[in-house]
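Raw contents of data30.txt, compact mmCIF, C-alpha atoms and all ligand atoms:
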# COMPACT_ATOMS: atom_id res chain seq x y z
CA MET A 1 220.87 40.10 -138.83
CA PRO A 2 220.65 37.26 -141.29
CA HIS A 3 222.83 37.55 -144.40
CA PHE A 4 223.84 41.10 -143.47
CA ALA A 5 227.39 41.18 -144.84
CA LYS A 6 226.40 39.23 -147.95
CA LEU A 7 223.44 41.48 -148.70
CA TYR A 8 225.65 44.51 -148.27
CA ASN A 9 228.22 43.11 -150.68
CA PHE A 10 225.46 42.33 -153.18
CA ALA A 11 223.97 45.83 -152.74
CA CYS A 12 227.36 47.44 -153.38
CA TRP A 13 227.77 45.47 -156.58
CA LEU A 14 224.26 46.43 -157.69
CA THR A 15 224.45 50.14 -156.87
CA GLN A 16 228.21 50.66 -157.28
CA ASP A 17 227.89 53.19 -154.50
CA ARG A 18 228.54 52.56 -150.83
CA VAL A 19 226.07 55.13 -149.52
CA ALA A 20 223.31 53.94 -151.82
CA ALA A 21 224.10 50.36 -150.79
CA GLU A 22 223.74 51.23 -147.11
CA ASP A 23 220.36 52.84 -147.73
CA LEU A 24 219.30 49.85 -149.75
CA VAL A 25 220.30 47.33 -147.09
CA GLN A 26 218.71 49.31 -144.27
CA GLU A 27 215.46 49.61 -146.20
CA THR A 28 215.57 45.90 -146.99
CA TYR A 29 215.73 44.96 -143.33
CA THR A 30 213.02 47.43 -142.39
CA LYS A 31 210.77 46.01 -145.08
CA ALA A 32 211.68 42.46 -144.17
CA LEU A 33 210.70 43.05 -140.57
CA LYS A 34 207.47 44.76 -141.52
CA GLY A 35 206.56 42.14 -144.05
CA PHE A 36 207.79 39.18 -142.09
CA SER A 37 204.25 37.88 -141.61
CA SER A 38 204.13 37.41 -145.39
CA PHE A 39 207.18 35.19 -145.24
CA GLN A 40 206.11 31.60 -145.24
CA GLN A 41 207.97 29.45 -142.79
CA GLY A 42 209.70 26.58 -144.49
CA THR A 43 210.25 28.52 -147.70
CA ASN A 44 213.59 29.98 -148.61
CA PHE A 45 214.43 32.94 -146.36
CA ARG A 46 217.54 33.87 -148.29
CA ALA A 47 215.71 34.06 -151.63
CA TRP A 48 212.96 36.05 -149.93
CA ILE A 49 215.21 38.72 -148.46
CA TYR A 50 217.28 39.03 -151.65
CA ARG A 51 214.04 39.54 -153.50
CA ILE A 52 213.11 42.38 -151.17
CA LEU A 53 216.49 43.99 -151.70
CA ARG A 54 216.35 43.63 -155.44
CA ASN A 55 212.79 44.96 -155.70
CA THR A 56 213.75 47.87 -153.47
CA PHE A 57 216.72 48.58 -155.71
CA LEU A 58 214.40 48.72 -158.71
CA THR A 59 212.49 51.60 -157.14
CA THR A 60 215.63 53.70 -156.59
CA GLU A 61 216.88 56.15 -159.16
CA ALA A 62 219.82 53.98 -160.13
CA GLY A 63 217.50 51.00 -160.21
CA LEU A 64 215.04 52.75 -162.49
CA ARG A 65 217.86 53.59 -164.87
CA ALA A 66 218.86 49.96 -164.88
CA THR A 67 215.30 48.70 -165.25
CA VAL A 68 215.47 49.23 -168.97
CA SER A 69 217.80 46.29 -169.23
CA LEU A 70 216.67 44.40 -166.15
CA ASP A 71 213.73 42.40 -167.31
CA SER A 72 214.33 42.40 -171.00
CA ASP A 73 216.89 40.07 -172.39
CA ASP A 74 216.77 41.79 -175.75
CA ALA A 75 218.26 45.00 -174.46
CA VAL A 76 221.70 43.50 -174.41
CA PRO A 77 223.16 42.25 -177.65
CA GLU A 78 223.86 38.57 -177.64
CA PRO A 79 227.60 37.92 -177.55
CA THR A 80 228.48 36.43 -180.90
CA THR A 81 230.93 33.84 -179.68
CA THR A 82 229.68 30.55 -178.35
CA GLU A 83 233.09 28.97 -178.21
CA THR A 84 235.48 30.04 -175.53
CA PRO A 85 238.58 31.09 -177.45
CA ALA A 86 241.72 29.22 -176.61
CA SER A 87 243.18 32.40 -175.13
CA VAL A 88 240.61 32.33 -172.36
CA LEU A 89 240.88 28.64 -171.63
CA PHE A 90 243.20 28.21 -168.68
CA ALA A 91 243.91 31.90 -168.54
CA ARG A 92 244.15 33.13 -164.99
CA PHE A 93 242.53 36.49 -164.66
CA GLU A 94 243.61 39.03 -162.14
CA GLN A 95 240.97 39.67 -159.50
CA THR A 96 240.84 43.29 -160.55
CA ALA A 97 240.14 42.31 -164.17
CA ILE A 98 237.23 40.15 -163.05
CA GLN A 99 235.92 42.90 -160.80
CA LYS A 100 236.13 45.41 -163.63
CA ALA A 101 234.32 43.09 -166.04
CA LEU A 102 231.61 42.50 -163.46
CA GLU A 103 231.17 46.25 -162.98
CA GLU A 104 230.82 46.74 -166.71
CA LEU A 105 228.16 44.08 -167.16
CA PRO A 106 224.57 45.26 -167.50
CA VAL A 107 222.73 44.95 -164.19
CA ASN A 108 220.58 41.99 -165.25
CA TYR A 109 223.70 40.02 -166.14
CA ARG A 110 225.65 41.21 -163.14
CA GLU A 111 223.01 40.16 -160.62
CA MET A 112 222.80 36.78 -162.32
CA ILE A 113 226.52 36.17 -161.94
CA LEU A 114 226.44 37.42 -158.36
CA LEU A 115 223.58 35.17 -157.28
CA CYS A 116 224.88 32.06 -159.07
CA ASP A 117 228.64 32.37 -158.76
CA VAL A 118 229.13 34.46 -155.67
CA GLU A 119 226.14 33.57 -153.51
CA GLU A 120 226.13 30.08 -155.02
CA MET A 121 222.35 29.96 -155.07
CA SER A 122 220.61 27.11 -156.84
CA TYR A 123 218.64 27.92 -159.98
CA GLN A 124 215.49 27.46 -157.91
CA GLU A 125 216.64 30.07 -155.39
CA VAL A 126 217.70 32.52 -158.09
CA ALA A 127 214.31 32.09 -159.75
CA GLN A 128 212.63 32.93 -156.43
CA ALA A 129 214.92 35.87 -155.71
CA LEU A 130 214.36 37.42 -159.12
CA GLY A 131 210.77 36.31 -159.59
CA ILE A 132 211.44 34.72 -162.97
CA PRO A 133 211.05 31.16 -164.29
CA ILE A 134 213.96 28.72 -163.96
CA GLY A 135 214.25 28.51 -167.75
CA THR A 136 214.88 32.26 -167.89
CA VAL A 137 217.47 31.95 -165.12
CA MET A 138 219.38 29.39 -167.15
CA SER A 139 219.28 31.22 -170.46
CA ARG A 140 220.13 34.58 -168.92
CA LEU A 141 222.95 33.10 -166.89
CA SER A 142 224.44 31.52 -169.97
CA ARG A 143 224.36 34.89 -171.77
CA ALA A 144 225.75 36.66 -168.74
CA ARG A 145 228.73 34.33 -168.57
CA LYS A 146 229.43 34.71 -172.27
CA ALA A 147 229.27 38.49 -171.93
CA MET A 148 231.65 38.26 -169.01
CA ARG A 149 234.14 36.25 -171.03
CA VAL A 150 233.90 38.71 -173.90
CA LEU A 151 234.66 41.58 -171.51
CA LEU A 152 237.58 39.73 -170.00
CA MET A 153 239.01 39.02 -173.40
CA ALA A 154 238.65 42.66 -174.36
CA GLY A 155 240.79 43.60 -171.38
CA THR A 156 243.58 41.19 -172.23
CA GLU A 157 246.05 43.32 -170.31
CA GLY A 158 244.48 41.71 -167.28
CA VAL A 159 245.43 38.23 -168.40
CA ALA A 160 248.26 36.68 -166.49
CA ARG A 161 249.60 33.27 -167.13
CA MET B 1 225.69 13.15 -176.09
CA ASN B 2 227.17 15.36 -178.78
CA CYS B 3 229.34 18.45 -178.31
CA GLU B 4 226.50 20.87 -178.93
CA LEU B 5 224.30 19.41 -176.20
CA CYS B 6 227.31 19.18 -173.92
CA ARG B 7 228.03 22.91 -174.33
CA THR B 8 224.39 23.74 -173.57
CA ASN B 9 224.66 21.82 -170.32
CA LEU B 10 228.00 23.20 -169.16
CA ASP B 11 226.50 26.03 -167.09
CA ALA B 12 224.17 23.67 -165.29
CA TYR B 13 227.13 21.33 -164.87
CA VAL B 14 229.23 23.88 -162.99
CA ASP B 15 226.19 25.03 -161.02
CA GLU B 16 225.36 21.48 -159.95
CA GLY B 17 222.00 21.85 -161.60
CA LEU B 18 222.00 18.64 -163.62
CA SER B 19 219.91 15.59 -162.90
CA PRO B 20 221.83 12.37 -162.15
CA GLU B 21 221.05 11.10 -165.66
CA GLU B 22 222.23 14.31 -167.32
CA LEU B 23 225.31 14.27 -165.14
CA GLY B 24 226.08 10.69 -166.18
CA ALA B 25 225.71 11.61 -169.83
CA ILE B 26 227.93 14.66 -169.59
CA TYR B 27 230.66 12.77 -167.71
CA GLU B 28 230.58 10.17 -170.43
CA HIS B 29 231.09 12.84 -173.08
CA LEU B 30 233.75 14.77 -171.15
CA ARG B 31 235.78 11.62 -170.75
CA THR B 32 236.04 11.17 -174.49
CA CYS B 33 236.00 14.77 -175.79
CA ARG B 34 239.04 16.84 -174.91
CA THR B 35 237.66 20.07 -176.35
CA CYS B 36 234.56 19.94 -174.21
CA ALA B 37 236.58 18.82 -171.19
CA ALA B 38 238.80 21.89 -171.58
CA GLU B 39 235.71 24.04 -171.93
CA ALA B 40 234.19 22.53 -168.79
CA LEU B 41 237.37 23.20 -166.86
CA ALA B 42 237.40 26.81 -168.06
CA HIS B 43 233.81 27.17 -166.86
CA LEU B 44 234.64 25.75 -163.44
CA GLN B 45 237.71 27.94 -163.13
CA MET B 46 235.78 31.01 -164.15
CA LYS B 47 233.11 30.39 -161.54
CA ARG B 48 235.70 29.89 -158.84
CA GLU B 49 237.67 32.97 -159.81
CA THR B 50 234.57 35.13 -160.03
CA ARG B 51 233.58 34.06 -156.56
CA ALA B 52 237.05 34.80 -155.23
CA ALA B 53 237.02 38.25 -156.84
CA ALA B 54 233.52 39.35 -155.93
CA ASN B 55 232.65 37.66 -152.65
CA ALA B 56 233.11 39.93 -149.64
CA ARG B 57 234.58 42.56 -151.95
CA PHE B 58 232.67 45.11 -149.90
CA THR B 59 232.25 44.72 -146.16
CA PRO B 60 229.81 46.72 -144.06
CA SER B 61 231.28 48.93 -141.35
CA ALA B 62 230.53 48.13 -137.73
CA ALA B 63 228.83 51.52 -137.40
CA PHE B 64 226.48 50.75 -140.25
CA ARG B 65 225.62 47.34 -138.82
CA LEU B 66 224.78 48.98 -135.53
CA ARG B 67 222.63 51.59 -137.23
CA VAL B 68 220.54 48.94 -138.99
CA GLU B 69 220.28 46.87 -135.84
CA LYS B 70 218.90 49.89 -134.03
CA ALA B 71 216.55 50.74 -136.86
CA ILE B 72 214.93 47.33 -136.93
CA GLN B 73 214.94 46.73 -133.20
CA PRO B 74 211.26 46.51 -132.25
CA GLU B 75 210.52 47.93 -128.80
CA ARG B 76 211.71 45.06 -126.72
CA LYS B 77 208.58 43.69 -125.11
CA PRO B 78 209.13 40.90 -122.66
CA LEU B 79 207.78 37.63 -124.05
CA TRP B 80 205.13 37.33 -121.36
CA LYS B 81 203.61 40.67 -122.29
CA ILE B 82 202.85 39.66 -125.87
CA GLY B 83 199.66 37.99 -124.71
CA ALA B 84 198.60 41.26 -123.14
CA LEU B 85 198.84 43.16 -126.41
CA PRO B 86 195.62 44.21 -128.06
CA VAL B 87 194.40 41.48 -130.35
CA TRP B 88 195.08 43.48 -133.51
CA MET B 89 198.73 43.69 -132.56
CA HIS B 90 199.25 39.98 -132.07
CA GLY B 91 200.20 39.47 -135.68
CA VAL B 92 202.79 42.24 -135.50
CA GLY B 93 204.26 40.88 -132.29
CA VAL B 94 204.54 37.38 -133.61
CA ALA B 95 206.17 38.53 -136.83
CA ALA B 96 208.65 40.69 -134.96
CA LEU B 97 209.44 37.82 -132.64
CA ALA B 98 209.94 35.39 -135.45
CA PHE B 99 212.21 37.87 -137.17
CA LEU B 100 214.13 38.34 -133.96
CA LEU B 101 214.58 34.60 -133.67
CA ILE B 102 216.27 34.61 -137.03
CA ALA B 103 218.16 37.70 -135.93
CA VAL B 104 219.37 35.88 -132.80
CA SER B 105 220.77 33.02 -134.81
CA ALA B 106 222.34 35.66 -137.02
CA THR B 107 223.99 37.31 -134.03
CA VAL B 108 225.81 34.08 -133.49
CA SER B 109 226.95 34.16 -137.08
CA ALA B 110 227.83 37.84 -136.70
CA ARG B 111 230.18 36.86 -133.92
CA HIS B 112 231.45 34.23 -136.25
CA ALA B 113 231.78 36.93 -138.89
CA ALA B 114 233.80 39.12 -136.51
CA ASN B 115 236.11 36.20 -136.12
CA ASP B 116 236.20 35.78 -139.87
CA GLN B 117 236.94 39.45 -140.27
CA ALA B 118 239.83 39.38 -137.83
CA ILE B 119 241.18 36.25 -139.49
CA ALA B 120 240.56 37.76 -142.92
CA GLU B 121 242.56 40.84 -141.96
CA LEU B 122 245.48 38.73 -140.79
CA LEU B 123 245.11 36.54 -143.88
CA ASP B 124 245.44 39.65 -146.00
CA MET B 125 248.60 40.62 -144.12
CA HIS B 126 249.99 37.15 -144.64
CA VAL B 127 249.23 37.23 -148.37
CA ALA B 128 250.68 40.74 -148.66
CA THR B 129 253.82 39.46 -146.95
CA MET B 130 254.08 36.62 -149.47
CA ALA B 131 253.80 39.11 -152.30
CA SER B 132 256.25 41.59 -150.83
CA ALA B 133 259.82 41.95 -152.02
CA ASN B 134 260.86 42.72 -148.45
CA PRO B 135 258.58 40.52 -146.42
CA VAL B 136 260.31 41.09 -143.08
CA ASP B 137 262.17 43.95 -141.40
CA VAL B 138 264.54 41.80 -139.38
CA VAL B 139 266.00 39.09 -141.58
CA SER B 140 267.49 36.32 -139.52
CA THR B 141 267.15 32.62 -138.91
CA ASP B 142 268.48 33.11 -135.39
CA ARG B 143 265.87 33.55 -132.69
CA HIS B 144 268.49 35.26 -130.53
CA THR B 145 268.65 38.01 -133.15
CA VAL B 146 264.95 38.22 -133.94
CA LYS B 147 263.61 38.29 -130.39
CA PRO B 148 265.72 41.22 -129.14
CA TRP B 149 264.95 43.17 -132.32
CA PHE B 150 261.37 43.53 -131.12
CA GLN B 151 262.44 44.93 -127.74
CA GLY B 152 261.32 48.52 -127.36
CA LYS B 153 259.10 48.19 -130.42
CA LEU B 154 256.34 46.25 -128.71
CA PRO B 155 254.61 46.69 -125.34
CA PHE B 156 255.10 42.96 -124.66
CA ALA B 157 257.67 40.21 -125.02
CA PHE B 158 257.42 36.66 -126.29
CA ASN B 159 259.56 33.57 -126.61
CA LEU B 160 260.61 31.91 -129.84
CA PRO B 161 261.10 28.15 -130.09
CA GLU B 162 264.35 26.34 -130.72
CA LEU B 163 264.01 24.98 -134.26
CA LYS B 164 267.33 23.20 -134.60
CA ASP B 165 265.76 19.73 -134.60
CA SER B 166 262.64 20.61 -136.54
CA ALA B 167 261.80 21.07 -140.22
CA TYR B 168 260.65 24.64 -139.60
CA LYS B 169 262.96 27.54 -140.29
CA LEU B 170 262.71 31.08 -138.97
CA LEU B 171 262.99 33.75 -141.71
CA GLY B 172 262.52 36.91 -139.68
CA GLY B 173 259.85 39.27 -138.46
CA LYS B 174 258.33 42.71 -138.46
CA VAL B 175 256.05 44.96 -136.45
CA ILE B 176 252.43 45.05 -137.59
CA TYR B 177 249.44 47.09 -136.58
CA PHE B 178 246.33 45.14 -135.80
CA ASN B 179 243.24 46.66 -134.26
CA HIS B 180 245.21 49.89 -133.63
CA SER B 181 247.88 48.13 -131.57
CA PRO B 182 251.39 47.10 -132.45
CA GLY B 183 252.02 43.39 -132.71
CA ALA B 184 254.58 40.99 -134.11
CA GLN B 185 254.52 39.07 -137.34
CA LEU B 186 257.07 36.29 -137.58
CA LEU B 187 257.77 34.46 -140.77
CA PHE B 188 258.68 30.79 -140.85
CA GLU B 189 259.32 28.37 -143.67
CA LEU B 190 258.51 24.73 -144.07
CA ARG B 191 259.21 22.86 -147.31
CA LYS B 192 258.96 26.03 -149.44
CA HIS B 193 255.73 27.06 -147.71
CA GLN B 194 255.73 30.15 -145.58
CA LEU B 195 253.93 30.44 -142.31
CA SER B 196 253.06 33.69 -140.57
CA VAL B 197 252.77 33.86 -136.82
CA PHE B 198 250.92 36.89 -135.51
CA ILE B 199 251.24 37.86 -131.86
CA VAL B 200 249.03 40.62 -130.52
CA GLN B 201 247.85 41.68 -127.11
CA GLU B 202 244.45 40.49 -125.98
CA ARG B 203 242.21 43.32 -124.88
CA PRO B 204 239.58 43.00 -122.20
CA GLY B 205 236.12 42.83 -123.73
CA TRP B 206 237.47 42.35 -127.23
CA HIS B 207 237.07 38.81 -128.52
CA PRO B 208 237.26 38.71 -132.26
CA PHE B 209 238.59 35.18 -132.34
CA ARG B 210 236.94 31.87 -131.80
CA PRO B 211 238.19 30.30 -128.60
CA ALA B 212 238.99 27.01 -130.33
CA SER B 213 242.66 26.49 -131.01
CA ALA B 214 242.45 23.66 -133.52
CA ALA B 215 243.89 24.36 -136.94
CA VAL B 216 241.12 24.87 -139.46
CA SER B 217 241.01 25.79 -143.13
CA GLU B 218 239.86 29.23 -144.17
CA LYS B 219 239.79 30.03 -147.89
CA GLY B 220 242.52 27.55 -148.69
CA PHE B 221 244.67 28.61 -145.76
CA SER B 222 245.16 26.79 -142.49
CA VAL B 223 244.71 28.83 -139.36
CA GLU B 224 245.34 28.06 -135.70
CA SER B 225 244.79 30.50 -132.90
CA TRP B 226 245.07 30.50 -129.13
CA THR B 227 245.82 32.79 -126.20
CA GLU B 228 248.56 32.52 -123.68
CA SER B 229 249.39 34.95 -120.86
CA GLY B 230 247.40 37.80 -122.35
CA LEU B 231 248.76 37.32 -125.85
CA ARG B 232 246.80 36.16 -128.86
CA TYR B 233 248.69 33.92 -131.27
CA VAL B 234 247.46 33.28 -134.80
CA VAL B 235 249.35 31.00 -137.18
CA ILE B 236 248.41 31.21 -140.85
CA SER B 237 249.76 29.35 -143.85
CA ASP B 238 248.83 27.69 -147.10
CA THR B 239 250.30 24.44 -145.77
CA SER B 240 248.18 21.71 -144.20
CA PRO B 241 246.48 22.19 -140.82
CA THR B 242 248.92 19.54 -139.51
CA ASP B 243 251.93 21.68 -140.44
CA VAL B 244 250.35 24.75 -138.88
CA HIS B 245 249.56 22.74 -135.78
CA GLY B 246 253.16 21.52 -135.59
CA LEU B 247 254.52 25.06 -135.46
CA SER B 248 251.80 26.07 -133.00
CA GLU B 249 252.87 23.30 -130.64
CA LEU B 250 256.48 24.48 -130.79
CA LEU B 251 255.41 28.06 -130.04
CA ARG B 252 253.25 26.96 -127.13
CA ALA B 253 256.11 24.94 -125.69
CA ALA B 254 258.45 27.94 -126.03
CA ALA B 255 255.93 30.31 -124.43
CA SER B 256 255.61 28.17 -121.32
CA GLN B 257 259.37 28.00 -120.77
ZN ZN C 301 232.55 17.55 -177.13

If you convert what's in this file into structure tokens, what do you get?
Ligand SMILES: [Zn+2]
Amino acid sequence: MPHFAKLYNFACWLTQDRVAAEDLVQETYTKALKGFSSFQQGTNFRAWIYRILRNTFLTTEAGLRATVSLDSDDAVPEPTTTETPASVLFARFEQTAIQKALEELPVNYREMILLCDVEEMSYQEVAQALGIPIGTVMSRLSRARKAMRVLLMAGTEGVAR
Amino acid sequence: MNCELCRTNLDAYVDEGLSPEELGAIYEHLRTCRTCAAEALAHLQMKRETRAAANARFTPSAAFRLRVEKAIQPERKPLWKIGALPVWMHGVGVAALAFLLIAVSATVSARHAANDQAIAELLDMHVATMASANPVDVVSTDRHTVKPWFQGKLPFAFNLPELKDSAYKLLGGKVIYFNHSPGAQLLFELRKHQLSVFIVQERPGWHPFRPASAAVSEKGFSVESWTESGLRYVVISDTSPTDVHGLSELLRAAASQ
């Protein structure tokens, strides 16, 4: 199954629950198979299937709870810092500190980081997967990364040099 | 370009989302502005570290994969029967087939993933060994001490190479459990780099490793793997593939003695 392990990893990060992630992935593949005729050959399959997963997630209970923040960028206060403080420059963060920060991010920021940094999708692909304009991808990603840095700084016990 | 514009473009810079002109402009600025250059480096580092921390953090169980495979398996109609389906079903059949085609190519990558998973597991063991205060249970540079230590602990025996005239040094070994079977992990050193050699029994019908034996890079580590007389050897290290290959050659020569 295409992208199976990656989708599962993404689903776990979204739901923060292994059982819910399994349900989500299984439903994604079922829907993908059913709706495969709507997939246009030559367009991006990865973005398409991630979009199915993400839209399915939005209809789950956890997804509904997250929806509040998902499509509104106002729900999350803008991090005040624009500069990366010197303490973060060149700091090596423990993997666990990064994982914790990622878990604490609001879902709309977390999925942004996951698609861009972990899946290494292009802005175009992310826009397709989330169904938002490229400009929104860029501005939300920038905010997501700032929020991530703020969280990492807050947990300075995770900083190792 | 000024600093403000540079900062706005840093995300797109690390995401390779800049046009050639924008890229040229930002390079120009980064060459002359140390503050922005430091910031750019921090961005790059952050992206890399995030990927390392979050990618494959959760892996699906084999049972779950099987369950989904079963769930989406359309009734397997032979290709030639598709034409005999009622007209209204043609669309369904074609979609299912097209999906299966993607699924077939994915099966290949699933096999690849199984290989990756086996390698990843051994990689983890290697990294854990590096981090451990007591990396090995038998500490000796002498193969005549290390080899007999494994006797009675493993259901198989293996040969260790003579390293007197080589740059490699034996550090010791320990018993590991891989895929529910005991195996050997041997630790070697080369120019301050440590190399793990894993030896496990091959099982009939169980092929988690790629057949190729060439040393390749996986996540910054070099890996070489081969089988010999029913044993699977995997050499892993953060040294170059050439160094890993060198030790592999010595082990192969010893095994055929
Ligand atoms: Zn500058």

- Query: Closest to A:Arg145 among A:Ile132, A:Leu105, A:Met121, A:Val126, using all atoms listed in the file?
  - Reply: A:Leu105

- Residues at most 12 Å from B:Leu30, counting all atoms listed in the file, excluding those fewer than 5 positions away in the same chain, as JSON, numbers by chain? {"B": [1, 2, 3, 5, 6, 7, 9, 10, 13, 23, 24, 25, 35, 36, 37, 38, 39, 40, 41]}

- Query: What residues in chain A have any atom no more than 9 Å from chain B when counting all atoms listed in the file, and can you write them as a PyMOL selection string?
  - Reply: chain A and resi 1-6+8-10+12-13+18+22+25-27+29-30+32-38+82-84+88-99+102+113-114+116-123+138+141-142+145+149

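The coordinates place atom CA of A:Lys31 at 9.0 Å from atom CA of A:Leu53.
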
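Minimum distance to ligand ZN 301 (chain C) across B:Leu187, B:Cys33, B:Ala63, B:Ile26 (counting only C-alpha atoms and all ligand atoms) occurs at B:Cys33.
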
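Relative to atom CA of B:Gln151, atom CA of B:Gln194 is found at 24.1 Å.
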
Please output stretch 120-127 of chain A, rebuilt to include all heavy atoms, as a CSV table (one decimal), in the frame of the given file.
chain,number,residue,atom,x,y,z
A,120,GLU,N,226.3,31.5,-154.8
A,120,GLU,CA,226.1,30.1,-155.0
A,120,GLU,C,224.7,29.6,-154.7
A,120,GLU,O,224.5,28.6,-154.1
A,120,GLU,CB,227.2,29.3,-154.2
A,120,GLU,CG,228.6,29.6,-154.7
A,120,GLU,CD,229.7,28.8,-154.0
A,120,GLU,OE1,229.8,29.0,-152.8
A,120,GLU,OE2,230.3,28.0,-154.7
A,121,MET,N,223.7,30.4,-155.2
A,121,MET,CA,222.4,30.0,-155.1
A,121,MET,C,222.0,28.9,-156.1
A,121,MET,O,222.6,28.9,-157.2
A,121,MET,CB,221.4,31.2,-155.3
A,121,MET,CG,221.4,32.1,-154.2
A,121,MET,SD,220.1,33.4,-154.5
A,121,MET,CE,220.2,34.4,-153.1
A,122,SER,N,221.1,28.1,-155.8
A,122,SER,CA,220.6,27.1,-156.8
A,122,SER,C,219.7,27.9,-157.8
A,122,SER,O,219.3,29.0,-157.6
A,122,SER,CB,219.8,26.0,-156.2
A,122,SER,OG,218.6,26.6,-155.6
A,123,TYR,N,219.5,27.3,-159.0
A,123,TYR,CA,218.6,27.9,-160.0
A,123,TYR,C,217.3,28.2,-159.4
A,123,TYR,O,216.7,29.2,-159.7
A,123,TYR,CB,218.5,27.0,-161.2
A,123,TYR,CG,219.8,26.9,-162.0
A,123,TYR,CD1,219.9,25.9,-163.0
A,123,TYR,CD2,220.8,27.8,-161.9
A,123,TYR,CE1,221.1,25.7,-163.7
A,123,TYR,CE2,222.0,27.7,-162.6
A,123,TYR,CZ,222.1,26.6,-163.5
A,123,TYR,OH,223.3,26.5,-164.2
A,124,GLN,N,216.8,27.3,-158.6
A,124,GLN,CA,215.5,27.5,-157.9
A,124,GLN,C,215.5,28.7,-157.0
A,124,GLN,O,214.6,29.5,-157.1
A,124,GLN,CB,215.2,26.2,-157.1
A,124,GLN,CG,214.0,26.3,-156.2
A,124,GLN,CD,212.7,26.1,-157.1
A,124,GLN,OE1,212.7,25.3,-158.0
A,124,GLN,NE2,211.7,26.9,-156.9
A,125,GLU,N,216.6,28.9,-156.3
A,125,GLU,CA,216.6,30.1,-155.4
A,125,GLU,C,216.7,31.4,-156.2
A,125,GLU,O,216.1,32.4,-155.9
A,125,GLU,CB,217.9,30.0,-154.5
A,125,GLU,CG,217.7,29.3,-153.2
A,125,GLU,CD,219.0,29.4,-152.4
A,125,GLU,OE1,220.0,28.7,-152.8
A,125,GLU,OE2,219.0,30.0,-151.3
A,126,VAL,N,217.5,31.3,-157.3
A,126,VAL,CA,217.7,32.5,-158.1
A,126,VAL,C,216.4,32.9,-158.7
A,126,VAL,O,216.0,34.1,-158.7
A,126,VAL,CB,218.7,32.3,-159.2
A,126,VAL,CG1,218.8,33.5,-160.1
A,126,VAL,CG2,220.1,32.0,-158.6
A,127,ALA,N,215.6,31.9,-159.2
A,127,ALA,CA,214.3,32.1,-159.8
A,127,ALA,C,213.4,32.8,-158.7
A,127,ALA,O,212.7,33.7,-159.1
A,127,ALA,CB,213.7,30.8,-160.2
